[in-house]
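What follows is the content of protein-v3.txt (compact mmCIF, C-alpha atoms).
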# COMPACT_ATOMS: atom_id res chain seq x y z
CA MET W 1 -29.64 143.66 -100.13
CA ASN W 2 -33.11 145.03 -100.85
CA ASP W 3 -36.32 143.29 -99.86
CA LEU W 4 -36.83 140.28 -102.09
CA THR W 5 -40.10 138.49 -102.66
CA LEU W 6 -40.49 134.81 -101.86
CA VAL W 7 -40.34 133.76 -105.51
CA GLN W 8 -37.22 135.90 -106.12
CA GLN W 9 -35.48 134.30 -103.14
CA TYR W 10 -36.48 130.87 -104.37
CA LEU W 11 -35.18 131.52 -107.88
CA LEU W 12 -31.78 132.56 -106.50
CA CYS W 13 -31.55 129.24 -104.64
CA ALA W 14 -33.11 126.95 -107.27
CA VAL W 15 -31.15 127.74 -110.42
CA SER W 16 -27.92 125.96 -111.27
CA ASP W 17 -24.55 127.65 -110.80
CA SER W 18 -24.80 128.85 -114.38
CA GLY W 19 -28.26 130.30 -113.68
CA LYS W 20 -30.36 127.75 -115.54
CA LEU W 21 -33.60 126.05 -114.60
CA THR W 22 -34.09 123.33 -117.15
CA ASN W 23 -37.08 121.08 -117.84
CA LEU W 24 -35.09 118.21 -116.31
CA HIS W 25 -35.78 119.74 -112.90
CA SER W 26 -39.57 119.42 -112.94
CA GLU W 27 -39.99 119.73 -109.14
CA ARG W 28 -37.95 122.92 -109.15
CA MET W 29 -40.08 124.34 -111.96
CA ILE W 30 -43.35 123.49 -110.22
CA CYS W 31 -42.07 124.92 -106.94
CA PHE W 32 -41.19 128.10 -108.84
CA LEU W 33 -44.86 128.35 -109.87
CA ALA W 34 -45.98 127.51 -106.32
CA GLY W 35 -43.61 130.26 -105.13
CA GLY W 36 -45.28 132.72 -107.47
CA LEU W 37 -48.72 131.81 -106.15
CA LEU W 38 -47.60 131.96 -102.51
CA THR W 39 -45.96 135.35 -103.12
CA LEU W 40 -49.23 136.70 -104.49
CA GLU W 41 -51.13 135.19 -101.57
CA LEU W 42 -48.73 136.50 -98.90
CA ALA W 43 -49.10 139.98 -100.41
CA GLY W 44 -52.89 139.69 -100.33
CA CYS W 45 -53.17 140.04 -104.13
CA VAL W 46 -54.88 136.67 -104.45
CA ALA W 47 -56.92 134.91 -101.79
CA PRO W 48 -58.40 131.47 -101.31
CA ALA W 49 -61.88 131.15 -102.77
CA GLU W 50 -64.47 128.39 -102.49
CA LYS W 51 -63.71 124.82 -103.62
CA LYS W 52 -59.95 125.18 -103.04
CA LYS W 53 -59.69 127.85 -105.73
CA VAL W 54 -57.89 131.18 -105.68
CA SER W 55 -59.09 134.50 -107.00
CA VAL W 56 -57.77 138.03 -107.30
CA ALA W 57 -58.26 139.99 -104.07
CA ALA W 58 -56.36 143.25 -104.60
CA PRO W 59 -54.55 145.17 -107.35
CA LEU W 60 -51.02 144.04 -108.14
CA PRO W 61 -48.46 146.47 -106.65
CA GLU W 62 -45.52 147.64 -108.76
CA ALA W 63 -43.14 145.64 -106.54
CA LEU W 64 -44.78 142.43 -107.74
CA ASP W 65 -45.04 143.37 -111.40
CA ASP W 66 -42.77 140.44 -112.32
CA LEU W 67 -45.70 138.17 -111.43
CA ARG W 68 -48.12 139.97 -113.75
CA PRO W 69 -48.47 137.04 -116.19
CA MET W 70 -49.67 134.81 -113.36
CA TYR W 71 -51.81 137.50 -111.76
CA ASP W 72 -53.47 138.37 -115.08
CA PHE W 73 -54.24 134.72 -115.74
CA ILE W 74 -55.97 134.37 -112.35
CA ALA W 75 -57.83 137.66 -112.90
CA GLN W 76 -58.97 136.55 -116.34
CA LYS W 77 -60.13 133.07 -115.29
CA GLY W 78 -61.91 134.18 -112.13
CA PRO W 79 -61.73 131.73 -109.22
CA VAL W 80 -59.35 129.06 -110.47
CA LYS W 81 -57.67 126.02 -108.93
CA PRO W 82 -53.92 126.40 -108.26
CA GLU W 83 -53.40 123.21 -110.28
CA LYS W 84 -54.99 124.94 -113.27
CA VAL W 85 -52.60 127.89 -112.89
CA ALA W 86 -49.61 125.54 -112.72
CA GLU W 87 -50.93 123.56 -115.68
CA GLU W 88 -51.25 126.71 -117.76
CA PHE W 89 -47.64 127.74 -117.11
CA TYR W 90 -46.03 124.31 -116.93
CA LEU W 91 -47.84 122.07 -119.38
CA GLY W 92 -48.54 124.28 -122.37
CA MET W 93 -47.69 123.19 -125.90
CA THR W 94 -44.53 125.22 -125.52
CA SER W 95 -42.77 126.52 -122.44
CA LYS W 96 -43.43 130.10 -123.57
CA LYS W 97 -45.60 131.07 -120.59
CA PHE W 98 -43.25 129.55 -118.04
CA ASP W 99 -40.29 131.25 -119.73
CA GLN W 100 -42.09 134.60 -119.72
CA LEU W 101 -42.73 134.38 -115.98
CA PHE W 102 -39.26 133.05 -115.18
CA ASN W 103 -37.59 135.76 -117.27
CA ALA W 104 -39.67 138.49 -115.60
CA VAL W 105 -38.66 137.37 -112.10
CA GLY W 106 -35.03 136.90 -113.15
CA GLU W 107 -34.85 140.32 -114.80
CA ARG W 108 -35.91 141.90 -111.49
CA LEU W 109 -32.97 140.22 -109.79
CA ALA W 110 -30.60 141.19 -112.60
CA ALA W 111 -31.74 144.83 -112.34
CA GLN W 112 -30.69 144.80 -108.68
CA GLY W 113 -27.31 143.29 -109.48
CA LEU W 114 -28.22 140.03 -107.73
CA ALA W 115 -28.03 137.86 -110.85
CA GLU W 116 -26.36 138.04 -114.22
CA ALA W 117 -28.74 137.56 -117.15
CA GLY W 118 -27.67 135.34 -120.01
CA GLY W 119 -29.29 135.38 -123.43
CA PRO W 120 -31.77 132.68 -124.46
CA GLY W 121 -30.28 132.43 -127.95
CA LEU W 122 -31.62 133.42 -131.34
CA LEU W 123 -34.90 131.58 -131.00
CA GLY W 124 -35.84 133.25 -127.74
CA GLY W 125 -37.03 131.28 -124.73
CA ARG W 126 -35.85 130.91 -121.18
CA LYS W 127 -32.92 133.04 -120.14
CA SER W 128 -30.35 132.11 -117.56
CA PHE W 129 -29.83 134.15 -114.40
CA LYS W 130 -26.52 133.36 -112.78
CA PRO W 131 -27.01 134.29 -109.12
CA ALA W 132 -24.50 136.41 -107.24
CA LYS W 133 -22.97 134.19 -104.56
CA GLN W 134 -23.38 136.89 -101.94
CA ALA W 135 -27.11 137.17 -102.71
CA VAL W 136 -27.66 133.42 -102.34
CA ASP W 137 -25.62 133.40 -99.13
CA GLN W 138 -27.70 136.15 -97.63
CA VAL W 139 -31.01 134.47 -98.49
CA VAL W 140 -29.81 131.18 -97.03
CA GLU W 141 -28.27 132.76 -93.92
CA LEU W 142 -31.48 134.64 -93.15
CA LEU W 143 -33.45 131.43 -93.53
CA ARG W 144 -30.94 129.57 -91.36
CA ALA W 145 -31.27 132.25 -88.68
CA GLU W 146 -35.04 131.90 -88.64
CA LEU W 147 -35.21 128.12 -88.80
CA LEU W 148 -32.52 127.32 -86.28
CA GLU W 149 -33.32 129.95 -83.64
CA ASP W 150 -35.59 129.12 -80.70
CA ALA W 151 -38.07 131.72 -81.83
CA PRO W 152 -41.26 131.94 -83.87
CA ILE W 153 -40.64 131.79 -87.59
CA THR W 154 -42.19 134.16 -90.11
CA GLU W 155 -44.58 133.11 -92.88
CA ASP W 156 -41.96 134.10 -95.46
CA ALA W 157 -39.28 131.85 -93.98
CA ALA W 158 -41.71 128.95 -93.56
CA ALA W 159 -42.83 129.25 -97.18
CA LEU W 160 -39.26 129.38 -98.52
CA ALA W 161 -38.30 126.37 -96.42
CA VAL W 162 -41.26 124.43 -97.82
CA LEU W 163 -40.33 125.32 -101.41
CA LEU W 164 -36.67 124.38 -100.91
CA ASP W 165 -37.68 121.14 -99.23
CA GLN W 166 -40.20 120.09 -101.87
CA SER W 167 -37.90 121.00 -104.74
CA GLY W 168 -34.99 119.10 -103.21
CA CYS W 169 -32.82 122.25 -103.09
CA ILE W 170 -32.62 122.18 -99.30
CA LYS W 171 -29.87 119.55 -99.44
CA THR W 172 -27.63 121.99 -101.28
CA TYR W 173 -27.73 124.54 -98.49
CA PHE W 174 -28.44 122.74 -95.21
CA SER W 175 -26.37 120.00 -93.63
CA PRO W 176 -28.01 116.72 -92.52
CA TYR W 177 -27.64 117.94 -88.93
CA GLU W 178 -29.40 121.22 -89.70
CA ARG W 179 -32.13 119.43 -91.65
CA LYS W 180 -32.71 117.20 -88.62
CA SER W 181 -33.05 120.30 -86.39
CA ILE W 182 -35.50 121.79 -88.87
CA ARG W 183 -37.58 118.59 -88.92
CA GLU W 184 -37.65 118.55 -85.11
CA LYS W 185 -38.72 122.17 -85.01
CA ARG W 186 -41.50 121.44 -87.48
CA LYS W 187 -42.63 118.50 -85.38
CA ALA W 188 -42.69 120.66 -82.27
CA LEU W 189 -44.68 123.27 -84.15
CA SER W 190 -47.21 120.84 -85.56
CA GLN W 191 -49.72 121.36 -82.76
CA SER W 192 -49.61 125.15 -82.95
CA GLU W 193 -51.39 127.52 -85.29
CA THR W 194 -48.03 128.29 -86.92
CA GLY W 195 -47.44 124.60 -87.47
CA LYS W 196 -50.82 124.19 -89.09
CA LEU W 197 -50.06 127.00 -91.53
CA VAL W 198 -46.74 125.39 -92.42
CA GLU W 199 -48.46 122.02 -92.89
CA ASP W 200 -51.07 123.68 -95.13
CA MET W 201 -48.31 125.21 -97.26
CA MET W 202 -46.55 121.84 -97.46
CA CYS W 203 -49.75 120.12 -98.55
CA PHE W 204 -50.39 122.84 -101.12
CA VAL W 205 -46.96 122.48 -102.74
CA GLU W 206 -46.96 118.68 -102.43
CA ASP W 207 -50.39 118.44 -104.10
CA LEU W 208 -49.23 120.75 -106.88
CA VAL W 209 -46.10 118.68 -107.53
CA SER W 210 -48.13 115.43 -107.54
CA ALA W 211 -50.85 116.85 -109.80
CA MET W 212 -48.32 118.12 -112.34
CA ALA W 213 -46.40 114.85 -112.27
CA ALA W 214 -49.61 112.93 -113.01
CA LEU W 215 -50.61 115.31 -115.80
CA THR W 216 -47.13 115.09 -117.32
CA VAL W 217 -47.44 111.31 -117.48
CA LEU W 218 -50.91 111.55 -119.07
CA ASN W 219 -49.63 114.09 -121.59
CA ASN W 220 -46.83 111.77 -122.62
CA ILE W 221 -49.09 108.74 -123.26
CA MET Y 1 -47.55 133.93 -87.60
CA SER Y 2 -46.07 137.20 -88.76
CA ARG Y 3 -44.44 138.44 -91.95
CA GLN Y 4 -40.78 139.35 -92.35
CA ARG Y 5 -40.22 143.07 -91.73
CA SER Y 6 -39.07 145.21 -94.63
CA LEU Y 7 -35.57 146.69 -94.62
CA GLU Y 8 -37.09 150.14 -94.25
CA VAL Y 9 -38.82 149.08 -91.03
CA ILE Y 10 -35.77 147.20 -89.73
CA ARG Y 11 -33.54 150.25 -90.27
CA GLN Y 12 -35.84 152.29 -88.01
CA ALA Y 13 -36.40 149.64 -85.35
CA GLU Y 14 -34.96 149.88 -81.85
CA PHE Y 15 -34.74 146.10 -81.53
CA VAL Y 16 -33.95 143.54 -84.22
CA THR Y 17 -33.73 139.75 -84.41
CA ILE Y 18 -30.56 137.84 -85.27
CA GLY Y 19 -31.97 137.22 -88.76
CA GLU Y 20 -32.47 140.94 -89.22
CA LEU Y 21 -28.88 141.51 -88.11
CA VAL Y 22 -27.83 139.07 -90.85
CA ARG Y 23 -29.69 141.26 -93.35
CA LEU Y 24 -28.25 144.52 -92.01
CA THR Y 25 -24.64 143.39 -91.79
CA GLY Y 26 -24.21 140.55 -94.28
CA VAL Y 27 -22.45 138.60 -91.52
CA ARG Y 28 -23.26 134.88 -91.38
CA TYR Y 29 -25.85 133.62 -88.89
CA SER Y 30 -23.37 131.15 -87.40
CA THR Y 31 -20.88 133.97 -86.80
CA LEU Y 32 -23.45 136.18 -85.08
CA LYS Y 33 -24.64 133.22 -83.00
CA PHE Y 34 -21.05 132.55 -81.99
CA TYR Y 35 -20.53 136.21 -81.00
CA THR Y 36 -23.75 136.00 -78.98
CA GLU Y 37 -22.72 132.82 -77.20
CA GLU Y 38 -19.31 134.29 -76.44
CA GLY Y 39 -21.02 137.27 -74.81
CA LEU Y 40 -19.71 139.71 -77.41
CA LEU Y 41 -23.14 140.64 -78.65
CA PRO Y 42 -25.56 141.65 -75.91
CA PHE Y 43 -29.25 140.84 -76.28
CA GLU Y 44 -32.48 140.93 -74.35
CA GLN Y 45 -34.90 138.07 -73.98
CA ALA Y 46 -38.42 138.45 -72.65
CA GLU Y 47 -39.44 135.62 -70.34
CA GLU Y 48 -42.64 134.70 -72.17
CA ASN Y 49 -40.95 134.77 -75.55
CA LEU Y 50 -37.76 132.99 -76.54
CA THR Y 51 -36.89 135.51 -79.25
CA ARG Y 52 -33.56 137.19 -78.64
CA ARG Y 53 -33.84 140.91 -79.29
CA TYR Y 54 -30.76 142.96 -80.07
CA ARG Y 55 -30.54 146.74 -79.78
CA ARG Y 56 -30.00 147.63 -83.42
CA GLN Y 57 -27.64 150.57 -83.14
CA THR Y 58 -25.48 149.16 -80.35
CA SER Y 59 -25.25 145.78 -82.05
CA LEU Y 60 -24.25 147.24 -85.42
CA GLN Y 61 -21.49 149.26 -83.78
CA ARG Y 62 -20.35 146.22 -81.83
CA ILE Y 63 -20.26 143.98 -84.92
CA GLN Y 64 -18.31 146.61 -86.84
CA LYS Y 65 -15.81 146.84 -83.99
CA ILE Y 66 -15.41 143.06 -83.73
CA ARG Y 67 -14.85 142.74 -87.48
CA ALA Y 68 -12.26 145.51 -87.45
CA LEU Y 69 -10.42 143.81 -84.60
CA ARG Y 70 -10.61 140.43 -86.39
CA GLU Y 71 -9.18 142.01 -89.53
CA ALA Y 72 -6.40 143.49 -87.42
CA GLY Y 73 -5.51 139.91 -86.45
CA ARG Y 74 -6.93 139.86 -82.92
CA SER Y 75 -8.20 136.56 -81.55
CA ILE Y 76 -11.64 136.12 -80.03
CA PRO Y 77 -10.25 135.91 -76.44
CA GLU Y 78 -8.31 139.12 -77.07
CA ILE Y 79 -11.42 140.82 -78.45
CA LYS Y 80 -13.41 139.64 -75.45
CA ALA Y 81 -10.83 141.15 -73.15
CA LEU Y 82 -10.76 144.39 -75.13
CA LEU Y 83 -14.51 144.82 -75.24
CA GLY Y 84 -15.13 143.51 -71.76
CA GLU Y 85 -17.47 140.65 -70.98
CA LYS Y 86 -20.32 143.00 -70.03
CA PRO Y 87 -22.52 144.56 -72.72
CA GLY Y 88 -21.84 148.16 -73.51

Would it be possible to restate this file's structure as structure tokens?
Amino acid sequence: MNDLTLVQQYLLCAVSDSGKLTNLHSERMICFLAGGLLTLELAGCVAPAEKKKVSVAAPLPEALDDLRPMYDFIAQKGPVKPEKVAEEFYLGMTSKKFDQLFNAVGERLAAQGLAEAGGPGLLGGRKSFKPAKQAVDQVVELLRAELLEDAPITEDAAALAVLLDQSGCIKTYFSPYERKSIREKRKALSQSETGKLVEDMMCFVEDLVSAMAALTVLNNI
Amino acid sequence: MSRQRSLEVIRQAEFVTIGELVRLTGVRYSTLKFYTEEGLLPFEQAEENLTRRYRRQTSLQRIQKIRALREAGRSIPEIKALLGEKPG
């Protein structure tokens, strides 16, 4: 299996067996957006700016072209809060922007034979991307190897673990026993520099989920 | 905290981690861990670092051999006896 970006790995794990990510799964949708932002940040394309904002830091490489809608939005707005990026893609009048981003990431997976694209219907919209079982297995097994080994974990694995945890998907792939081991490892790491980075990522995704939940409530009043 | 290495880099590396072996072979982590614990998959471990490092080429050959023997119906104790307990 080729190198997959964080957001591509997350999509494989977060969609339903039929490849759908519906609006009923709000945490999964927000974590998808957080995954996009973290992918751009890990690649150095966006960087933290003052007042907890992010701004464009480098050109977008071809390998990350599926994240162009998000990258272009950040580039256009200048330094912008992550919550604003999520709001733009998650809370628009229609789900057009979210669908565009989701379809772009999914199409990349489909082009590699890792997911099977399904049509969005006559009116357009969000497609489905039924993941290949082998692809999901490999993503999860690699994560399992990193999380359960007595060895330093990589930023990529830590970020994916945070996204799966915050979206609730982790229960699908890791047993209660494994989740306990992961929690213990995180606790042991909490005093180290690595642990601080993981905690920062957790806070970032947690804050994003909370902010979007609050805005959704306000929008519905 | 480091980044995951790309497949291109892993394919050239002398040593790989167990996670990288998962990527190279498609074999489950639990299976590779079991092979390691049974002494079928030799590794090196630096004192100051707990990371197990596997010689890429030797390990890939060894995993291929173990899988072939498993498919031929051999049990793990038989494979251990065939390959010898010592790395090589």

Using 12 Å as the limit and counting all atoms listed in the file, can you tabulate each residue of chain W that touches chain Y, with its shortest atom-to-atom distance in Å and the two atoms involved, as CSV?
residue,atom,partner,partner_atom,distance
W:Met1,CA,Y:Arg23,CA,7.2
W:Asn2,CA,Y:Leu7,CA,6.9
W:Asp3,CA,Y:Ser6,CA,6.2
W:Leu4,CA,Y:Ser6,CA,9.2
W:Thr5,CA,Y:Gln4,CA,10.4
W:Leu6,CA,Y:Gln4,CA,10.5
W:Thr39,CA,Y:Arg3,CA,11.7
W:Leu42,CA,Y:Arg3,CA,8.4
W:Ala43,CA,Y:Arg3,CA,9.8
W:Gly44,CA,Y:Arg3,CA,12.0
W:Gln134,CA,Y:Gly26,CA,8.5
W:Ala135,CA,Y:Gly26,CA,9.5
W:Val136,CA,Y:Gly26,CA,11.3
W:Asp137,CA,Y:Arg28,CA,8.2
W:Gln138,CA,Y:Gly26,CA,6.5
W:Val139,CA,Y:Arg23,CA,8.6
W:Val140,CA,Y:Tyr29,CA,9.4
W:Glu141,CA,Y:Tyr29,CA,5.6
W:Leu142,CA,Y:Gly19,CA,5.1
W:Leu143,CA,Y:Gly19,CA,7.6
W:Arg144,CA,Y:Tyr29,CA,7.0
W:Ala145,CA,Y:Gly19,CA,5.0
W:Glu146,CA,Y:Gly19,CA,6.1
W:Leu147,CA,Y:Gly19,CA,9.7
W:Leu148,CA,Y:Tyr29,CA,9.5
W:Glu149,CA,Y:Thr51,CA,7.9
W:Asp150,CA,Y:Leu50,CA,6.1
W:Ala151,CA,Y:Thr51,CA,4.7
W:Pro152,CA,Y:Thr51,CA,7.3
W:Ile153,CA,Y:Met1,CA,7.2
W:Thr154,CA,Y:Ser2,CA,5.1
W:Glu155,CA,Y:Arg3,CA,5.4
W:Asp156,CA,Y:Arg3,CA,6.1
W:Ala157,CA,Y:Gln4,CA,7.8
W:Ala158,CA,Y:Met1,CA,9.7
W:Ala159,CA,Y:Arg3,CA,10.7
W:Leu160,CA,Y:Gln4,CA,11.8
W:Glu178,CA,Y:Ser30,CA,11.8
W:Leu189,CA,Y:Met1,CA,11.6
W:Ser192,CA,Y:Met1,CA,10.1
W:Glu193,CA,Y:Met1,CA,7.8
W:Thr194,CA,Y:Met1,CA,5.7
W:Gly195,CA,Y:Met1,CA,9.3
W:Lys196,CA,Y:Met1,CA,10.4
W:Leu197,CA,Y:Met1,CA,8.4
W:Val198,CA,Y:Met1,CA,9.8

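We find atom CA of Ser59 of chain Y and atom CA of Leu114 of chain W to be spaced 26.5 Å apart.
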
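Once Gln61 of chain Y and its same-chain neighbours fewer than 6 positions away are set aside, Leu21, Leu24, Thr25, Leu40, Leu41, Pro42, Tyr54, Arg55, Arg67, Ala68, Leu83 and Gly88 of chain Y remain within 12 Å of it when counting all atoms listed in the file.
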
- Any idea what's packed within 12 Å of Phe73 of chain W, counting only C-alpha atoms, ignoring anything in its chain fewer than 3 positions away? Could you give it as a VMD selection string? chain W and resid 37 46 54 to 56 67 to 70 76 to 82 84 to 89 97 101

Box along x, y and z, 5 Å on every side, all listed atoms of segment 7-22 of chain W inside: centre and edge lengths in Å to one decimal, as JSON.
{"center_x": -32.4, "center_y": 129.6, "center_z": -110.1, "size_x": 25.8, "size_y": 22.6, "size_z": 24.0}

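Interatomic distance, atom CA of Leu38 of chain W against atom CA of Asp200 of chain W: 11.6 Å.
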
- Identify the residues around (-30.0, 119.3, -105.4) within a radius of 10 Å, measuring from only C-alpha atoms in the coordinates stated by the file, and give them as a ChimeraX atom specification. /W:14-16,25,28,164,167-173

- Note on the structure: One residue among Y:Ile66, Y:Ala72, Y:Ile79, Y:Arg56 is nearest to Val16 of chain Y when using only C-alpha atoms, and that residue is Y:Arg56

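Here atom CA of Ala211 of chain W is placed at a distance of 6.9 Å from atom CA of Glu83 of chain W.
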